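To be precise, the following lines are input.csv, and they hold CSV, C-alpha atoms.
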```csv
chain,number,residue,atom,x,y,z
A,1,MET,CA,18.9,-9.8,-10.8
A,2,PRO,CA,16.4,-7.3,-12.4
A,3,TYR,CA,13.3,-6.4,-10.5
A,4,GLN,CA,9.8,-7.2,-11.8
A,5,PHE,CA,6.3,-6.2,-10.8
A,6,GLU,CA,6.0,-9.6,-8.9
A,7,ASP,CA,8.8,-8.3,-6.6
A,8,LEU,CA,6.6,-5.4,-5.6
A,9,LYS,CA,3.8,-7.8,-4.7
A,10,LYS,CA,6.1,-10.1,-2.8
A,11,THR,CA,7.6,-7.2,-0.8
A,12,CYS,CA,4.0,-6.1,0.1
A,13,ALA,CA,2.5,-9.6,0.3
A,14,THR,CA,0.3,-9.0,3.3
A,15,GLU,CA,-1.2,-5.7,2.0
A,16,TRP,CA,-1.7,-7.2,-1.5
A,17,ARG,CA,-3.5,-10.3,0.0
A,18,ASP,CA,-5.7,-8.1,2.2
A,19,TYR,CA,-6.6,-6.1,-0.9
A,20,ILE,CA,-7.3,-8.9,-3.3
A,21,GLU,CA,-9.1,-11.1,-0.7
A,22,HIS,CA,-10.9,-8.3,1.0
A,23,SER,CA,-14.3,-9.0,2.7
A,24,PHE,CA,-16.0,-6.7,0.1
A,25,VAL,CA,-14.5,-8.9,-2.7
A,26,ARG,CA,-15.4,-12.2,-1.0
A,27,GLN,CA,-19.0,-11.1,-0.4
A,28,LEU,CA,-19.3,-9.8,-3.9
A,29,GLY,CA,-18.1,-13.2,-5.2
A,30,ASP,CA,-20.5,-15.3,-3.1
A,31,ALA,CA,-23.4,-13.0,-3.7
A,32,SER,CA,-23.8,-12.0,0.0
A,33,LEU,CA,-22.7,-8.4,-0.4
A,34,ALA,CA,-25.5,-5.9,0.6
A,35,ALA,CA,-26.9,-4.1,-2.4
A,36,GLU,CA,-26.5,-0.8,-0.6
A,37,ALA,CA,-22.8,-1.4,-0.2
A,38,PHE,CA,-22.3,-2.2,-3.8
A,39,GLN,CA,-24.3,0.9,-4.9
A,40,HIS,CA,-22.2,3.1,-2.6
A,41,TYR,CA,-19.1,1.6,-4.1
A,42,LEU,CA,-20.4,2.2,-7.7
A,43,LYS,CA,-21.1,5.8,-7.0
A,44,GLN,CA,-17.6,6.4,-5.6
A,45,ASP,CA,-16.0,4.4,-8.4
A,46,TYR,CA,-17.6,6.9,-10.9
A,47,LEU,CA,-15.8,9.7,-9.1
A,48,PHE,CA,-12.6,7.6,-9.0
A,49,LEU,CA,-12.8,7.2,-12.8
A,50,ILE,CA,-12.8,10.9,-13.3
A,51,GLN,CA,-9.7,11.3,-11.2
A,52,PHE,CA,-8.2,8.3,-13.0
A,53,ALA,CA,-8.7,10.2,-16.3
A,54,ARG,CA,-6.8,13.1,-14.8
A,55,ALA,CA,-4.0,10.7,-13.8
A,56,PHE,CA,-3.7,9.6,-17.5
A,57,ALA,CA,-3.6,13.2,-18.5
A,58,LEU,CA,-0.7,13.7,-16.1
A,59,ALA,CA,0.9,10.6,-17.5
A,60,ALA,CA,0.9,12.2,-20.9
A,61,TYR,CA,2.6,15.3,-19.5
A,62,LYS,CA,5.2,13.1,-17.8
A,63,SER,CA,5.8,10.8,-20.8
A,64,PRO,CA,9.5,11.0,-22.0
A,65,THR,CA,8.8,9.1,-25.3
A,66,LEU,CA,6.3,9.1,-28.1
A,67,SER,CA,5.3,5.5,-27.2
A,68,ASP,CA,4.6,6.5,-23.6
A,69,LEU,CA,2.6,9.5,-24.8
A,70,ARG,CA,0.5,7.4,-27.0
A,71,GLN,CA,-0.1,4.9,-24.2
A,72,ALA,CA,-1.3,7.7,-21.9
A,73,LYS,CA,-3.5,9.2,-24.7
A,74,ASP,CA,-5.1,5.8,-25.3
A,75,GLY,CA,-5.8,5.3,-21.6
A,76,LEU,CA,-7.4,8.8,-21.3
A,77,GLN,CA,-9.5,8.3,-24.4
A,78,ALA,CA,-10.7,4.9,-23.2
A,79,ILE,CA,-11.9,6.3,-19.9
A,80,LEU,CA,-13.6,9.4,-21.3
A,81,ASP,CA,-15.1,7.8,-24.5
A,82,THR,CA,-15.9,4.3,-23.2
A,83,GLU,CA,-15.5,3.4,-19.6
A,84,LEU,CA,-17.4,6.4,-18.1
A,85,ASP,CA,-20.3,5.8,-20.4
A,86,LEU,CA,-20.4,2.1,-19.5
A,87,HIS,CA,-20.2,2.9,-15.9
A,88,ILE,CA,-23.1,5.4,-16.1
A,89,GLN,CA,-25.1,2.7,-17.9
A,90,TYR,CA,-24.2,0.1,-15.2
A,91,CYS,CA,-25.1,2.5,-12.5
A,92,ASN,CA,-28.5,3.1,-14.1
A,93,GLU,CA,-29.2,-0.6,-14.0
A,94,TRP,CA,-28.6,-0.4,-10.2
A,95,GLY,CA,-31.0,2.5,-9.9
A,96,ILE,CA,-28.4,5.3,-9.8
A,97,SER,CA,-29.1,8.2,-12.2
A,98,GLU,CA,-26.5,10.2,-14.0
A,99,ASP,CA,-27.8,13.3,-12.2
A,100,GLU,CA,-27.1,11.7,-8.9
A,101,LEU,CA,-23.6,10.7,-9.9
A,102,THR,CA,-22.9,14.3,-11.1
A,103,ASN,CA,-23.8,15.8,-7.7
A,104,LEU,CA,-22.0,13.2,-5.5
A,105,PRO,CA,-19.6,14.3,-2.8
A,106,GLU,CA,-16.3,12.4,-2.8
A,107,ALA,CA,-15.9,10.0,0.2
A,108,ARG,CA,-12.7,10.4,2.2
A,109,ALA,CA,-11.4,7.1,0.9
A,110,THR,CA,-11.9,8.3,-2.7
A,111,LEU,CA,-10.2,11.6,-2.0
A,112,ALA,CA,-7.3,9.9,-0.2
A,113,TYR,CA,-6.4,7.4,-2.9
A,114,THR,CA,-7.0,9.5,-6.0
A,115,ARG,CA,-5.1,12.5,-4.7
A,116,TYR,CA,-2.3,10.3,-3.5
A,117,VAL,CA,-1.9,9.0,-7.0
A,118,LEU,CA,-1.9,12.5,-8.5
A,119,ASP,CA,0.4,13.9,-5.9
A,120,THR,CA,2.8,10.9,-6.4
A,121,GLY,CA,2.7,11.6,-10.2
A,122,ASN,CA,3.3,15.3,-9.7
A,123,ARG,CA,6.3,14.8,-7.4
A,124,GLY,CA,7.8,11.9,-9.2
A,125,ASP,CA,8.3,10.5,-12.7
A,126,LEU,CA,6.1,8.4,-15.0
A,127,LEU,CA,7.2,5.2,-13.2
A,128,ASP,CA,6.2,6.5,-9.8
A,129,LEU,CA,2.7,7.3,-11.3
A,130,HIS,CA,2.3,3.9,-12.8
A,131,VAL,CA,3.3,2.1,-9.6
A,132,ALA,CA,0.7,4.2,-7.7
A,133,LEU,CA,-1.9,3.3,-10.3
A,134,SER,CA,-1.0,-0.4,-10.5
A,135,PRO,CA,-3.1,-1.7,-7.6
A,136,CYS,CA,-6.1,-0.6,-9.6
A,137,MET,CA,-4.9,-1.4,-13.1
A,138,VAL,CA,-3.5,-4.8,-12.2
A,139,GLY,CA,-5.4,-5.6,-9.0
A,140,TYR,CA,-8.9,-5.7,-10.4
A,141,GLY,CA,-7.9,-8.3,-13.0
A,142,GLU,CA,-6.2,-10.4,-10.3
A,143,ILE,CA,-9.3,-10.1,-8.2
A,144,ALA,CA,-11.5,-11.4,-11.0
A,145,ASN,CA,-9.1,-14.3,-11.5
A,146,TRP,CA,-8.9,-15.0,-7.7
A,147,LEU,CA,-12.7,-15.1,-7.5
A,148,ASN,CA,-12.9,-17.5,-10.4
A,149,ARG,CA,-10.5,-19.9,-8.6
A,150,ARG,CA,-12.5,-19.7,-5.3
A,151,ALA,CA,-14.9,-22.5,-4.7
A,152,ASP,CA,-17.4,-20.2,-3.0
A,153,THR,CA,-17.8,-17.8,-5.9
A,154,VAL,CA,-21.3,-17.8,-7.5
A,155,ARG,CA,-21.5,-17.1,-11.2
A,156,GLY,CA,-24.5,-16.4,-13.5
A,157,ASP,CA,-28.0,-15.2,-12.7
A,158,ALA,CA,-27.7,-16.4,-9.1
A,159,ASN,CA,-25.2,-13.6,-8.4
A,160,PRO,CA,-26.3,-10.0,-8.9
A,161,TYR,CA,-22.7,-8.9,-9.2
A,162,ASP,CA,-21.8,-11.4,-11.9
A,163,ALA,CA,-21.5,-8.6,-14.5
A,164,TRP,CA,-18.8,-6.9,-12.4
A,165,ILE,CA,-16.7,-10.1,-12.3
A,166,ALA,CA,-17.3,-10.6,-16.0
A,167,MET,CA,-16.0,-7.1,-16.8
A,168,TYR,CA,-12.6,-7.7,-15.2
A,169,GLU,CA,-12.2,-11.3,-16.4
A,170,SER,CA,-12.8,-10.1,-19.9
A,171,ASP,CA,-10.0,-10.6,-22.5
A,172,GLU,CA,-9.9,-6.8,-23.0
A,173,PHE,CA,-9.2,-6.1,-19.4
A,174,GLN,CA,-6.9,-9.0,-18.9
A,175,ASP,CA,-4.9,-8.0,-22.0
A,176,ALA,CA,-4.7,-4.4,-20.6
A,177,MET,CA,-3.5,-5.8,-17.2
A,178,GLN,CA,-0.8,-7.9,-18.9
A,179,ALA,CA,0.3,-4.9,-21.0
A,180,GLU,CA,0.7,-2.8,-17.8
A,181,ILE,CA,2.7,-5.6,-16.1
A,182,CYS,CA,5.0,-5.8,-19.1
A,183,TRP,CA,5.5,-2.0,-19.1
A,184,LEU,CA,6.3,-2.0,-15.4
A,185,ASP,CA,8.7,-5.0,-15.8
A,186,GLU,CA,10.7,-3.3,-18.5
A,187,ARG,CA,11.2,-0.2,-16.3
A,188,LEU,CA,11.7,-2.0,-13.0
A,189,ALA,CA,14.5,-4.1,-14.6
A,190,ASP,CA,16.7,-1.0,-14.7
A,191,VAL,CA,16.2,0.4,-11.2
A,192,SER,CA,18.7,0.3,-8.3
A,193,PRO,CA,17.9,-1.3,-4.9
A,194,ALA,CA,17.4,2.1,-3.4
A,195,ARG,CA,15.0,3.2,-6.2
A,196,PHE,CA,13.1,-0.1,-5.8
A,197,GLU,CA,12.7,0.6,-2.1
A,198,GLN,CA,11.2,4.0,-3.0
A,199,LEU,CA,8.8,2.4,-5.4
A,200,THR,CA,7.9,-0.3,-2.8
A,201,ARG,CA,6.7,2.4,-0.4
A,202,ILE,CA,4.5,3.9,-3.2
A,203,PHE,CA,3.1,0.5,-4.0
A,204,ARG,CA,2.4,-0.4,-0.4
A,205,ASP,CA,0.7,3.0,0.3
A,206,ALA,CA,-1.4,2.7,-2.8
A,207,THR,CA,-2.5,-0.8,-1.9
A,208,ARG,CA,-3.4,0.3,1.6
A,209,LEU,CA,-5.5,3.0,0.1
A,210,GLU,CA,-7.3,0.5,-2.1
A,211,ILE,CA,-8.1,-1.5,1.0
A,212,ASP,CA,-9.6,1.6,2.5
A,213,PHE,CA,-11.7,2.0,-0.7
A,214,TRP,CA,-13.2,-1.5,-0.2
A,215,ASP,CA,-13.7,-0.6,3.5
A,216,MET,CA,-15.6,2.5,2.4
A,217,GLY,CA,-17.9,0.5,0.2
A,218,LEU,CA,-18.5,-2.2,2.8
A,219,ASN,CA,-19.2,0.2,5.6
A,220,LEU,CA,-21.1,2.8,3.6
A,221,SER,CA,-18.7,5.4,4.9
A,222,ASP,CA,-18.4,8.9,3.5
```

What is this structure when it is put down as structure tokens?
Amino acid sequence: MPYQFEDLKKTCATEWRDYIEHSFVRQLGDASLAAEAFQHYLKQDYLFLIQFARAFALAAYKSPTLSDLRQAKDGLQAILDTELDLHIQYCNEWGISEDELTNLPEARATLAYTRYVLDTGNRGDLLDLHVALSPCMVGYGEIANWLNRRADTVRGDANPYDAWIAMYESDEFQDAMQAEICWLDERLADVSPARFEQLTRIFRDATRLEIDFWDMGLNLSD
């Protein structure tokens, strides 16, 4: 039976649940998250996006087909031309200036996850890189959907973090998430059990590092 992305999640079910349902996420959803924690997360997420752009540049280099190359180029362009500008604007709304973002040191959790992704992509192939990125590329969309299914989630003006949820529940992000899942399903269908085990280790490690990223925001750690 061919493997799918859902099989990665099932194999790492505990880690995936701990990531999707993290205390940071829960508090963001019910509007109890400390503003300082969210601001700290936003600052580090800016630095994460820069490294994410580098990962798409690496994906372009690793692309074996024209279709993969175009996908990587579109992802890189979206981050550089759209997402970073939107993130800077959102940070400004939270009292974080672009100058402050430019001079930020990377927290250890930011360094750990982003460099793990880049190292995995350098050592492996395009599938390795996408699996390492998938907790972010798929996870944030699943988090928004989980929050919307949760009875304790507060929406609208009563929640200062509502715009964050709206960003990842948007049709644009949900479509991108589904496109990534389809890309992964097509490649995973052809892998052997031994290769799937290798990819599972990458997925589990990347998910654990995403958990650490939430911990970093919640605990204001550097």

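In this structure, CA of Ser192 (chain A) sits 12.2 Å away from CA of Gln4 (chain A).
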
| message | Env of region 98-111 of chain A: 8 Å cut, atoms = all atoms listed in the file, seq-sep filter 4 positions within chain, self excluded. Answer as JSON, numbers by chain. | response | {"A": [43, 44, 46, 47, 48, 88, 91, 92, 115, 209, 212, 213, 216, 221, 222]}

| What does the distance from CA of Leu49 (chain A) to CA of Leu127 (chain A) come to in Å, to one decimal? |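 A separation of 20.1 Å between them.
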
| message | I'd like the interatomic distance between CA of Ala112 (chain A) and CA of Gly217 (chain A), to a tenth of an Å. | response | 14.2 Å

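Counting all atoms listed in the file and comparing A:Ile20, A:Ala34, A:Leu126, A:Leu42, the residue that lies closest to Ala72 (chain A) is A:Leu126.
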
| query | For His40 (chain A), which residue among A:Val191, A:Ile96, A:Leu133, A:Leu28 is the nearest when counting all atoms listed in the file? | reply |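 That would be A:Ile96, the residue with the smallest distance to His40 (chain A).
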
| request: Find the residues around Trp164 (chain A) up to 12 Å (all atoms listed in the file counted), leave out those fewer than 2 positions away in its own chain, and share them as a list in words. | output: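 In the requested form, the answer reads Val25, Leu28, Gly29, Ala31, Phe38, Tyr41, Leu42, Leu86, His87, Tyr90, Cys91, Trp94, Tyr140, Gly141, Ile143, Ala144, Leu147, Arg155, Gly156, Asn159, Pro160, Tyr161, Asp162, Ala166, Met167, Tyr168, Glu169, Ser170 and Phe173 of chain A.
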
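Restricting the calculation to all atoms listed in the file, the smallest distance between Gly95 (chain A) and any of A:Ser134, A:Thr153, A:Gln39, A:Gln71 is found for A:Gln39.
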
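Residues lying at most 9 Å from (7.1, -5.2, -7.1) in file coordinates, with all atoms listed in the file considered, are Tyr3, Gln4, Phe5, Glu6, Asp7, Leu8, Lys9, Lys10, Thr11, Cys12, Val131, Leu184, Asp185, Leu188, Phe196, Leu199, Thr200 and Phe203 of chain A.
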